[in-house]
file final-v2.cif (mmCIF, C-alpha atoms and all ligand atoms)
data_protein
loop_
_atom_site.group_PDB
_atom_site.id
_atom_site.type_symbol
_atom_site.label_atom_id
_atom_site.label_comp_id
_atom_site.auth_asym_id
_atom_site.auth_seq_id
_atom_site.Cartn_x
_atom_site.Cartn_y
_atom_site.Cartn_z
ATOM 1 C CA MET A 1 114.444 96.957 92.109
ATOM 2 C CA ALA A 2 114.917 93.283 91.285
ATOM 3 C CA ASP A 3 116.151 92.553 87.738
ATOM 4 C CA ALA A 4 113.318 90.155 86.943
ATOM 5 C CA ARG A 5 110.677 92.866 87.150
ATOM 6 C CA ARG A 6 110.562 95.286 84.216
ATOM 7 C CA PRO A 7 110.267 98.855 85.480
ATOM 8 C CA LEU A 8 106.980 100.593 84.733
ATOM 9 C CA MET A 9 106.536 104.348 84.477
ATOM 10 C CA ALA A 10 102.833 105.159 84.242
ATOM 11 C CA GLY A 11 101.544 108.689 83.674
ATOM 12 C CA ASN A 12 98.191 109.427 85.278
ATOM 13 C CA TRP A 13 96.929 112.468 83.406
ATOM 14 C CA LYS A 14 93.923 112.843 85.725
ATOM 15 C CA MET A 15 91.329 115.317 84.359
ATOM 16 C CA ASN A 16 93.727 117.105 82.017
ATOM 17 C CA LEU A 17 94.178 117.412 78.228
ATOM 18 C CA ASN A 18 91.599 117.226 75.460
ATOM 19 C CA HIS A 19 92.073 114.687 72.676
ATOM 20 C CA PHE A 20 94.119 117.056 70.487
ATOM 21 C CA GLU A 21 96.497 117.729 73.363
ATOM 22 C CA ALA A 22 96.609 114.018 74.194
ATOM 23 C CA ASN A 23 97.707 113.181 70.660
ATOM 24 C CA LEU A 24 100.446 115.801 70.795
ATOM 25 C CA LEU A 25 101.753 114.617 74.154
ATOM 26 C CA VAL A 26 101.920 110.951 73.128
ATOM 27 C CA GLN A 27 103.762 111.828 69.896
ATOM 28 C CA LYS A 28 106.196 114.091 71.746
ATOM 29 C CA LEU A 29 106.811 111.493 74.443
ATOM 30 C CA ALA A 30 107.558 108.764 71.900
ATOM 31 C CA ALA A 31 109.863 111.094 69.957
ATOM 32 C CA SER A 32 111.807 111.901 73.144
ATOM 33 C CA LEU A 33 112.684 108.272 73.839
ATOM 34 C CA THR A 34 114.787 105.761 71.904
ATOM 35 C CA GLU A 35 113.628 102.260 71.058
ATOM 36 C CA GLN A 36 116.126 100.932 73.569
ATOM 37 C CA GLN A 37 114.822 103.182 76.358
ATOM 38 C CA LEU A 38 111.273 102.059 75.616
ATOM 39 C CA ALA A 39 112.403 98.439 75.645
ATOM 40 C CA ASP A 40 114.202 98.801 78.980
ATOM 41 C CA VAL A 41 111.395 100.622 80.755
ATOM 42 C CA GLU A 42 107.698 100.095 80.124
ATOM 43 C CA VAL A 43 105.934 103.406 79.568
ATOM 44 C CA ALA A 44 102.181 103.777 79.970
ATOM 45 C CA VAL A 45 99.804 106.720 79.830
ATOM 46 C CA LEU A 46 96.425 106.872 81.552
ATOM 47 C CA PRO A 47 94.401 109.597 79.808
ATOM 48 C CA PRO A 48 90.788 110.630 80.411
ATOM 49 C CA PHE A 49 88.238 108.346 78.700
ATOM 50 C CA THR A 50 87.560 110.912 75.966
ATOM 51 C CA ASP A 51 91.220 110.751 74.840
ATOM 52 C CA LEU A 52 91.556 106.966 74.658
ATOM 53 C CA ARG A 53 90.474 106.488 71.051
ATOM 54 C CA THR A 54 92.915 109.194 69.940
ATOM 55 C CA VAL A 55 95.748 107.655 71.947
ATOM 56 C CA GLN A 56 94.926 104.248 70.476
ATOM 57 C CA THR A 57 95.081 105.690 66.942
ATOM 58 C CA ALA A 58 98.425 107.388 67.633
ATOM 59 C CA VAL A 59 99.968 104.285 69.204
ATOM 60 C CA ASP A 60 98.673 101.863 66.554
ATOM 61 C CA GLY A 61 99.287 104.184 63.610
ATOM 62 C CA ASP A 62 102.942 104.774 64.436
ATOM 63 C CA LYS A 63 103.495 101.432 66.176
ATOM 64 C CA LEU A 64 104.658 103.227 69.326
ATOM 65 C CA ASN A 65 106.007 101.058 72.113
ATOM 66 C CA ILE A 66 103.791 102.797 74.663
ATOM 67 C CA GLU A 67 100.975 101.197 76.630
ATOM 68 C CA TYR A 68 97.854 103.011 77.721
ATOM 69 C CA GLY A 69 94.887 102.520 79.944
ATOM 70 C CA ALA A 70 92.003 104.163 81.777
ATOM 71 C CA GLN A 71 91.683 105.875 85.134
ATOM 72 C CA ASP A 72 88.562 104.050 86.241
ATOM 73 C CA ILE A 73 86.236 101.172 85.324
ATOM 74 C CA SER A 74 82.652 100.336 86.195
ATOM 75 C CA THR A 75 81.991 97.416 88.521
ATOM 76 C CA HIS A 76 79.084 96.534 86.200
ATOM 77 C CA LYS A 77 79.329 94.597 82.945
ATOM 78 C CA SER A 78 76.939 96.810 80.927
ATOM 79 C CA GLY A 79 73.460 98.270 81.102
ATOM 80 C CA ALA A 80 71.603 101.170 82.692
ATOM 81 C CA TYR A 81 74.481 102.877 84.518
ATOM 82 C CA THR A 82 74.487 106.404 83.133
ATOM 83 C CA GLY A 83 77.925 107.944 82.929
ATOM 84 C CA GLU A 84 79.852 104.729 83.583
ATOM 85 C CA ILE A 85 82.413 103.015 81.350
ATOM 86 C CA ALA A 86 82.551 99.219 81.179
ATOM 87 C CA GLY A 87 85.566 96.942 80.904
ATOM 88 C CA PHE A 88 84.624 95.569 77.485
ATOM 89 C CA MET A 89 84.718 99.114 76.071
ATOM 90 C CA LEU A 90 88.229 99.649 77.390
ATOM 91 C CA GLU A 91 89.329 96.263 76.110
ATOM 92 C CA LYS A 92 88.046 97.119 72.629
ATOM 93 C CA LEU A 93 90.091 100.350 72.738
ATOM 94 C CA GLY A 94 93.245 98.291 73.259
ATOM 95 C CA CYS A 95 93.808 99.360 76.869
ATOM 96 C CA THR A 96 96.390 97.411 78.833
ATOM 97 C CA TYR A 97 95.859 98.990 82.249
ATOM 98 C CA VAL A 98 93.161 100.484 84.418
ATOM 99 C CA LEU A 99 93.588 102.279 87.735
ATOM 100 C CA ALA A 100 91.552 100.980 90.655
ATOM 101 C CA GLY A 101 91.211 102.775 93.951
ATOM 102 C CA HIS A 102 93.140 105.958 93.254
ATOM 103 C CA SER A 103 92.982 108.100 96.399
ATOM 104 C CA GLU A 104 91.048 110.765 94.496
ATOM 105 C CA ARG A 105 88.372 108.171 93.648
ATOM 106 C CA ARG A 106 88.356 106.897 97.237
ATOM 107 C CA GLU A 107 88.064 110.430 98.611
ATOM 108 C CA TYR A 108 85.771 112.260 96.161
ATOM 109 C CA HIS A 109 83.662 109.313 95.002
ATOM 110 C CA ASN A 110 83.486 107.400 98.281
ATOM 111 C CA GLU A 111 85.047 104.238 96.858
ATOM 112 C CA ASP A 112 85.651 101.757 99.659
ATOM 113 C CA ASP A 113 87.788 98.617 99.580
ATOM 114 C CA ALA A 114 84.834 96.473 98.451
ATOM 115 C CA THR A 115 84.187 98.721 95.458
ATOM 116 C CA VAL A 116 87.888 98.808 94.626
ATOM 117 C CA ASN A 117 88.002 95.008 94.808
ATOM 118 C CA ALA A 118 84.993 94.798 92.461
ATOM 119 C CA LYS A 119 86.814 97.113 90.021
ATOM 120 C CA VAL A 120 89.941 94.954 90.170
ATOM 121 C CA LYS A 121 87.797 91.934 89.312
ATOM 122 C CA ALA A 122 86.015 93.842 86.522
ATOM 123 C CA ALA A 123 89.434 94.641 85.051
ATOM 124 C CA TYR A 124 90.465 90.973 84.944
ATOM 125 C CA ALA A 125 87.102 90.013 83.467
ATOM 126 C CA SER A 126 87.984 92.224 80.466
ATOM 127 C CA ASN A 127 91.641 91.167 80.218
ATOM 128 C CA LEU A 128 92.907 94.444 81.647
ATOM 129 C CA THR A 129 95.700 94.720 84.194
ATOM 130 C CA PRO A 130 94.605 96.660 87.266
ATOM 131 C CA ILE A 131 96.914 99.171 88.888
ATOM 132 C CA LEU A 132 95.643 98.935 92.458
ATOM 133 C CA CYS A 133 96.339 102.176 94.313
ATOM 134 C CA VAL A 134 96.795 102.328 98.067
ATOM 135 C CA GLY A 135 98.087 104.978 100.441
ATOM 136 C CA GLU A 136 97.613 106.682 103.766
ATOM 137 C CA GLY A 137 96.578 110.218 104.655
ATOM 138 C CA LEU A 138 98.648 112.497 106.850
ATOM 139 C CA THR A 139 96.884 111.640 110.124
ATOM 140 C CA ILE A 140 97.518 107.922 109.718
ATOM 141 C CA ARG A 141 101.164 108.617 108.809
ATOM 142 C CA GLU A 142 101.579 110.809 111.911
ATOM 143 C CA GLU A 143 100.096 108.046 114.061
ATOM 144 C CA ASN A 144 102.548 105.580 112.485
ATOM 145 C CA GLY A 145 99.688 103.483 111.096
ATOM 146 C CA HIS A 146 100.778 103.697 107.449
ATOM 147 C CA VAL A 147 102.133 100.172 106.992
ATOM 148 C CA GLY A 148 99.065 98.469 108.478
ATOM 149 C CA HIS A 149 96.719 100.770 106.566
ATOM 150 C CA CYS A 150 98.348 100.162 103.174
ATOM 151 C CA THR A 151 98.831 96.407 103.538
ATOM 152 C CA ALA A 152 95.184 96.061 104.629
ATOM 153 C CA GLN A 153 94.085 98.013 101.528
ATOM 154 C CA VAL A 154 96.173 95.663 99.368
ATOM 155 C CA VAL A 155 94.759 92.478 100.928
ATOM 156 C CA ALA A 156 91.191 93.816 100.604
ATOM 157 C CA GLY A 157 91.780 94.899 97.002
ATOM 158 C CA LEU A 158 93.067 91.430 96.053
ATOM 159 C CA GLU A 159 90.293 89.506 97.802
ATOM 160 C CA GLY A 160 89.068 86.519 95.796
ATOM 161 C CA LEU A 161 91.730 86.653 93.065
ATOM 162 C CA THR A 162 93.699 83.608 91.948
ATOM 163 C CA PRO A 163 97.472 83.576 92.571
ATOM 164 C CA GLU A 164 97.959 83.819 88.772
ATOM 165 C CA GLN A 165 95.902 87.021 88.704
ATOM 166 C CA VAL A 166 97.768 88.476 91.676
ATOM 167 C CA LYS A 167 101.078 87.782 89.932
ATOM 168 C CA ARG A 168 100.094 90.077 87.061
ATOM 169 C CA ILE A 169 98.751 92.956 89.142
ATOM 170 C CA VAL A 170 100.498 96.286 89.602
ATOM 171 C CA ILE A 171 100.267 97.953 93.005
ATOM 172 C CA ALA A 172 100.861 101.676 93.393
ATOM 173 C CA TYR A 173 101.766 103.059 96.801
ATOM 174 C CA GLU A 174 100.770 106.707 96.840
ATOM 175 C CA PRO A 175 100.860 108.450 100.216
ATOM 176 C CA VAL A 176 97.978 110.923 99.970
ATOM 177 C CA TRP A 177 99.995 113.669 101.669
ATOM 178 C CA ALA A 178 102.568 113.482 98.853
ATOM 179 C CA ILE A 179 100.142 113.759 95.908
ATOM 180 C CA GLY A 180 100.337 117.051 94.060
ATOM 181 C CA THR A 181 101.888 118.719 97.082
ATOM 182 C CA GLY A 182 105.522 118.716 96.004
ATOM 183 C CA LYS A 183 106.164 116.730 99.190
ATOM 184 C CA THR A 184 107.778 113.474 98.110
ATOM 185 C CA ALA A 185 108.105 110.624 100.557
ATOM 186 C CA THR A 186 111.784 109.908 101.153
ATOM 187 C CA PRO A 187 113.158 106.933 99.220
ATOM 188 C CA GLU A 188 113.290 105.137 102.586
ATOM 189 C CA ASP A 189 109.589 105.884 103.217
ATOM 190 C CA ALA A 190 108.736 104.507 99.753
ATOM 191 C CA GLN A 191 110.860 101.400 100.261
ATOM 192 C CA GLU A 192 109.391 100.737 103.718
ATOM 193 C CA VAL A 193 105.795 100.559 102.490
ATOM 194 C CA CYS A 194 106.548 98.933 99.099
ATOM 195 C CA GLY A 195 108.624 96.285 100.909
ATOM 196 C CA GLU A 196 105.901 95.634 103.500
ATOM 197 C CA ILE A 197 103.299 95.337 100.731
ATOM 198 C CA ARG A 198 105.435 92.705 99.003
ATOM 199 C CA ALA A 199 106.001 90.890 102.298
ATOM 200 C CA ARG A 200 102.256 90.809 102.976
ATOM 201 C CA ILE A 201 101.538 89.455 99.463
ATOM 202 C CA SER A 202 104.184 86.803 100.117
ATOM 203 C CA GLU A 203 102.439 85.778 103.350
ATOM 204 C CA VAL A 204 99.096 85.388 101.609
ATOM 205 C CA TYR A 205 100.068 84.146 98.121
ATOM 206 C CA GLY A 206 103.644 82.887 98.492
ATOM 207 C CA ALA A 207 107.090 84.184 97.582
ATOM 208 C CA GLU A 208 106.870 83.408 93.864
ATOM 209 C CA VAL A 209 103.754 85.528 93.403
ATOM 210 C CA ALA A 210 105.145 88.339 95.571
ATOM 211 C CA GLY A 211 108.396 88.324 93.607
ATOM 212 C CA ALA A 212 106.529 88.859 90.339
ATOM 213 C CA VAL A 213 104.234 91.725 91.412
ATOM 214 C CA ARG A 214 105.365 95.194 90.425
ATOM 215 C CA VAL A 215 105.011 97.808 93.142
ATOM 216 C CA LEU A 216 105.174 101.452 92.077
ATOM 217 C CA TYR A 217 105.657 104.608 94.115
ATOM 218 C CA GLY A 218 103.579 107.711 93.376
ATOM 219 C CA GLY A 219 103.431 111.227 94.815
ATOM 220 C CA SER A 220 105.307 114.270 93.449
ATOM 221 C CA VAL A 221 107.638 112.111 91.348
ATOM 222 C CA LYS A 222 109.794 114.146 88.966
ATOM 223 C CA ALA A 223 113.034 113.826 87.035
ATOM 224 C CA ALA A 224 114.970 115.266 89.984
ATOM 225 C CA ASN A 225 113.907 112.607 92.509
ATOM 226 C CA ILE A 226 113.159 109.441 90.492
ATOM 227 C CA ALA A 227 116.690 107.983 90.511
ATOM 228 C CA SER A 228 116.954 107.927 94.296
ATOM 229 C CA ILE A 229 113.551 106.196 94.539
ATOM 230 C CA MET A 230 114.327 103.598 91.861
ATOM 231 C CA VAL A 231 117.462 102.331 93.613
ATOM 232 C CA LYS A 232 115.244 100.879 96.321
ATOM 233 C CA PRO A 233 114.830 97.105 95.947
ATOM 234 C CA ASP A 234 111.033 96.925 96.236
ATOM 235 C CA VAL A 235 110.181 99.935 94.058
ATOM 236 C CA ASP A 236 109.570 98.834 90.473
ATOM 237 C CA GLY A 237 108.521 102.104 88.904
ATOM 238 C CA ALA A 238 106.339 105.128 89.443
ATOM 239 C CA LEU A 239 102.814 106.426 89.004
ATOM 240 C CA ILE A 240 103.314 109.998 87.925
ATOM 241 C CA GLY A 241 100.711 112.760 87.945
ATOM 242 C CA GLY A 242 101.703 116.364 87.187
ATOM 243 C CA ALA A 243 105.138 115.564 85.740
ATOM 244 C CA SER A 244 103.621 113.172 83.172
ATOM 245 C CA LEU A 245 101.860 116.100 81.459
ATOM 246 C CA ASP A 246 105.212 117.426 80.220
ATOM 247 C CA ALA A 247 106.765 115.197 77.541
ATOM 248 C CA GLU A 248 110.356 116.223 78.313
ATOM 249 C CA GLU A 249 109.958 115.782 82.055
ATOM 250 C CA PHE A 250 108.202 112.423 81.670
ATOM 251 C CA ALA A 251 110.841 111.209 79.201
ATOM 252 C CA SER A 252 113.541 112.262 81.629
ATOM 253 C CA ILE A 253 111.844 110.211 84.372
ATOM 254 C CA VAL A 254 111.860 107.200 82.027
ATOM 255 C CA ARG A 255 115.613 107.738 81.538
ATOM 256 C CA TYR A 256 116.192 107.617 85.303
ATOM 257 C CA ARG A 257 119.164 105.303 84.909
ATOM 258 C CA GLU A 258 121.117 108.176 83.345
ATOM 259 C CA HIS A 259 120.598 110.339 86.450
ATOM 260 C CA VAL A 260 122.757 110.273 89.507
ATOM 261 C CA ALA A 261 120.799 109.178 92.576
ATOM 262 C CA ARG A 262 120.918 111.953 95.200
HETATM 263 P P1 LIG A 301 101.544 113.898 91.416
HETATM 264 O O1 LIG A 301 102.701 113.221 90.702
HETATM 265 O O2 LIG A 301 101.027 115.093 90.670
HETATM 266 O O3 LIG A 301 101.881 114.163 92.856
HETATM 267 O O4 LIG A 301 100.323 112.851 91.403
HETATM 268 C C1 LIG A 301 100.544 111.565 91.854
HETATM 269 C C2 LIG A 301 99.357 110.736 91.517
HETATM 270 O O5 LIG A 301 98.317 110.837 92.150
HETATM 271 C C3 LIG A 301 99.468 109.791 90.413
HETATM 272 O O6 LIG A 301 98.398 108.911 90.387
#

call {"tool": "encode", "arguments": {"input": "final-v2.cif", "output": "structure tokens", "more": "lines below"}}
Ligand code: 13P
result
Amino acid sequence: MADARRPLMAGNWKMNLNHFEANLLVQKLAASLTEQQLADVEVAVLPPFTDLRTVQTAVDGDKLNIEYGAQDISTHKSGAYTGEIAGFMLEKLGCTYVLAGHSERREYHNEDDATVNAKVKAAYASNLTPILCVGEGLTIREENGHVGHCTAQVVAGLEGLTPEQVKRIVIAYEPVWAIGTGKTATPEDAQEVCGEIRARISEVYGAEVAGAVRVLYGGSVKAANIASIMVKPDVDGALIGGASLDAEEFASIVRYREHVAR
């Protein structure tokens, strides 16, 4: 990755861990990393909504250098939307990040690019940084349509944003066929799509904006494969699912510079 962009390792806990377990994991994670390691690499956790207050208390109470955020956000500001969580609520809980367009939301909750774009905008409206997720399924990959598919998802997700907003966004490339399957994309596969995403952002918003955007890879990332992914110039970090639920494993991913790339 380029030196100017601080690496980001974000743990997407998905629908795992109650608030007691969340507290334990955050404490363990912080204890497994030195101040220097947490300064070199930004670490974020994305717990379920019900854990956020607990994570906030742990982070604030012990002044932990760990960011946190939510896995979803309502497109609405407030009101009669039973079951939804609004941006202002997340902002008040001290969230830095919010995922938008995770493939599991796109697939199981029918979120299309327009909805994802509205969520990205809702995030900015509440001073949150969106992590815009894109990725192709196996059929598209087999038909060699992955680059076009992912860059189109990025352009649609960014629709209507100012260049300043785009500069601050985080994009996560997560090939759907590599999520939770143990099948990691090769470092070359990750670089190809992350590089094309940056190139497309450069075409639309200019090289300065594209050079500032962090692009993460996600899909079966673990301590054993992170180093070889991070050597790629357009990969600025990872969005980690299963491996982020284990403090030691997650901490080891954060320390990727100490591993030998294979
Ligand atoms: P896994 O790391 O469990 O494959 O999940 C990836 C993911 O979807 C993160 O958002």

call {"tool": "resolve_selection", "arguments": {"input": "final-v2.cif", "expression": "the PyMOL selection byres (((chain A and resi 174-191) around 7) and not hetatm)", "output": "list of chain:residue names"}}
result
A:Ser103, A:Cys133, A:Val134, A:Gly135, A:Glu136, A:Gly137, A:Leu138, A:Ala172, A:Tyr173, A:Glu192, A:Val193, A:Cys194, A:Gly195, A:Tyr217, A:Gly218, A:Gly219, A:Ser220, A:Val221, A:Ser228, A:Ile229, A:Lys232, A:Asp234, A:Val235

call {"tool": "resolve_selection", "arguments": {"input": "final-v2.cif", "expression": "the PyMOL selection byres (((chain A and resi 237) around 10) and not hetatm)", "output": "NGL selection string"}}
result
:A and (1 or 5-10 or 41-43 or 170 or 172 or 214-218 or 226 or 229-230 or 234-236 or 238-240 or 253-254)

call {"tool": "closest_residue", "arguments": {"input": "final-v2.cif", "among": "A:Leu24, A:Arg168, A:Ala243, A:Ala223", "to": "Gly211 of chain A", "atoms": "only C-alpha atoms"}}
result
A:Arg168

call {"tool": "closest_residue", "arguments": {"input": "final-v2.cif", "among": "A:Glu196, A:Leu64, A:Ala227, A:Thr96", "to": "His146 of chain A", "atoms": "all atoms listed in the file"}}
result
A:Glu196

call {"tool": "resolve_selection", "arguments": {"input": "final-v2.cif", "expression": "the PyMOL selection byres (((chain A and resi 16) around 9) and not hetatm)", "output": "list in words"}}
result
Trp13, Lys14, Met15, Leu17, Asn18, Ala22, Pro47, Pro48 and Leu245 of chain A

call {"tool": "closest_residue", "arguments": {"input": "final-v2.cif", "among": "A:Gln71, A:Gln37, A:Thr139, A:Thr82", "to": "ligand LIG 301 (chain A)", "atoms": "all atoms listed in the file"}}
result
A:Gln71

call {"tool": "atom_distance", "arguments": {"input": "final-v2.cif", "atom1": "atom CA of Lys28 of chain A", "atom2": "atom CA of Gly241 of chain A"}}
result
17.2 Å

call {"tool": "closest_residue", "arguments": {"input": "final-v2.cif", "among": "A:Ser126, A:Ser244, A:Thr50, A:Gln27", "to": "ligand LIG 301 (chain A)", "atoms": "only C-alpha atoms and all ligand atoms"}}
result
A:Ser244

call {"tool": "closest_residue", "arguments": {"input": "final-v2.cif", "among": "A:His102, A:Lys63, A:Lys92, A:Lys77", "to": "Asn12 of chain A", "atoms": "all atoms listed in the file"}}
result
A:His102

call {"tool": "axis_aligned_box", "arguments": {"input": "final-v2.cif", "around": "segment 132-142 of chain A", "padding_each_side": "8 Å", "output": "AutoDock Vina command-line options"}}
result
--center_x 98.6 --center_y 105.7 --center_z 102.2 --size_x 21.9 --size_y 29.6 --size_z 35.5

call {"tool": "closest_residue", "arguments": {"input": "final-v2.cif", "among": "A:Gly94, A:Gly101, A:Gly83, A:Pro163", "to": "ligand LIG 301 (chain A)", "atoms": "all atoms listed in the file"}}
result
A:Gly101

call {"tool": "residues_around", "arguments": {"input": "final-v2.cif", "residues": "Gly157 of chain A", "least_positions_apart": "3", "cutoff": "8 Å", "atoms": "all atoms listed in the file", "output": "PyMOL selection string"}}
result
chain A and resi 113-114+116-117+120+132+153-154

call {"tool": "residues_near_point", "arguments": {"input": "final-v2.cif", "point": "(98.9, 84.4, 91.4)", "cutoff": "10 Å", "atoms": "all atoms listed in the file", "output": "ChimeraX atom specification"}}
result
/A:161-169,201,205-206,208-210,212-213

call {"tool": "atom_distance", "arguments": {"input": "final-v2.cif", "atom1": "atom CA of His149 of chain A", "atom2": "atom P1 of ligand LIG 301 (chain A)"}}
result
20.6 Å

call {"tool": "residues_near_point", "arguments": {"input": "final-v2.cif", "point": "(84.6, 105.1, 91.6)", "cutoff": "8 Å", "atoms": "only C-alpha atoms", "output": "number ranges by chain"}}
result
A: 72-74, 101, 105-106, 109-111, 115-116

call {"tool": "atom_distance", "arguments": {"input": "final-v2.cif", "atom1": "atom CA of Asn225 of chain A", "atom2": "atom CA of Leu52 of chain A"}}
result
29.2 Å

call {"tool": "build_atoms", "arguments": {"input": "final-v2.cif", "residues": "segment 227-241 of chain A", "atoms": "N, CA, C and O atoms", "output": "short mmCIF file (atom, residue, chain, number, x, y, z; two decimals), in the frame of the given file"}}
result
data_model
loop_
_atom_site.label_atom_id
_atom_site.label_comp_id
_atom_site.auth_asym_id
_atom_site.auth_seq_id
_atom_site.Cartn_x
_atom_site.Cartn_y
_atom_site.Cartn_z
N ALA A 227 115.55 108.92 90.42
CA ALA A 227 116.69 107.98 90.51
C ALA A 227 116.88 107.46 91.93
O ALA A 227 117.11 106.26 92.14
N SER A 228 116.72 108.35 92.91
CA SER A 228 116.95 107.93 94.30
C SER A 228 115.84 106.99 94.78
O SER A 228 116.04 106.18 95.69
N ILE A 229 114.66 107.09 94.17
CA ILE A 229 113.55 106.20 94.54
C ILE A 229 113.75 104.83 93.88
O ILE A 229 113.53 103.78 94.49
N MET A 230 114.21 104.85 92.62
CA MET A 230 114.33 103.60 91.86
C MET A 230 115.46 102.69 92.33
O MET A 230 115.49 101.51 91.98
N VAL A 231 116.40 103.21 93.11
CA VAL A 231 117.46 102.33 93.61
C VAL A 231 116.94 101.41 94.72
O VAL A 231 117.59 100.44 95.08
N LYS A 232 115.78 101.70 95.23
CA LYS A 232 115.24 100.88 96.32
C LYS A 232 114.75 99.53 95.79
O LYS A 232 114.10 99.48 94.74
N PRO A 233 115.06 98.45 96.50
CA PRO A 233 114.83 97.10 95.95
C PRO A 233 113.37 96.74 95.69
O PRO A 233 113.10 95.94 94.80
N ASP A 234 112.44 97.31 96.43
CA ASP A 234 111.03 96.92 96.24
C ASP A 234 110.22 97.94 95.44
O ASP A 234 109.01 97.80 95.33
N VAL A 235 110.88 98.95 94.89
CA VAL A 235 110.18 99.94 94.06
C VAL A 235 110.47 99.60 92.60
O VAL A 235 111.62 99.59 92.17
N ASP A 236 109.41 99.32 91.85
CA ASP A 236 109.57 98.83 90.47
C ASP A 236 109.15 99.86 89.43
O ASP A 236 109.00 99.51 88.25
N GLY A 237 108.93 101.09 89.86
CA GLY A 237 108.52 102.10 88.90
C GLY A 237 107.74 103.18 89.62
O GLY A 237 107.75 103.25 90.85
N ALA A 238 107.06 104.01 88.84
CA ALA A 238 106.34 105.13 89.44
C ALA A 238 105.02 105.38 88.74
O ALA A 238 104.85 105.10 87.56
N LEU A 239 104.08 105.91 89.53
CA LEU A 239 102.81 106.43 89.00
C LEU A 239 102.93 107.95 89.12
O LEU A 239 103.07 108.48 90.24
N ILE A 240 102.93 108.59 87.98
CA ILE A 240 103.31 110.00 87.92
C ILE A 240 102.12 110.85 87.51
O ILE A 240 101.49 110.57 86.48
N GLY A 241 101.82 111.87 88.28
CA GLY A 241 100.71 112.76 87.94
C GLY A 241 101.21 113.96 87.16
O GLY A 241 101.51 113.86 85.96
#
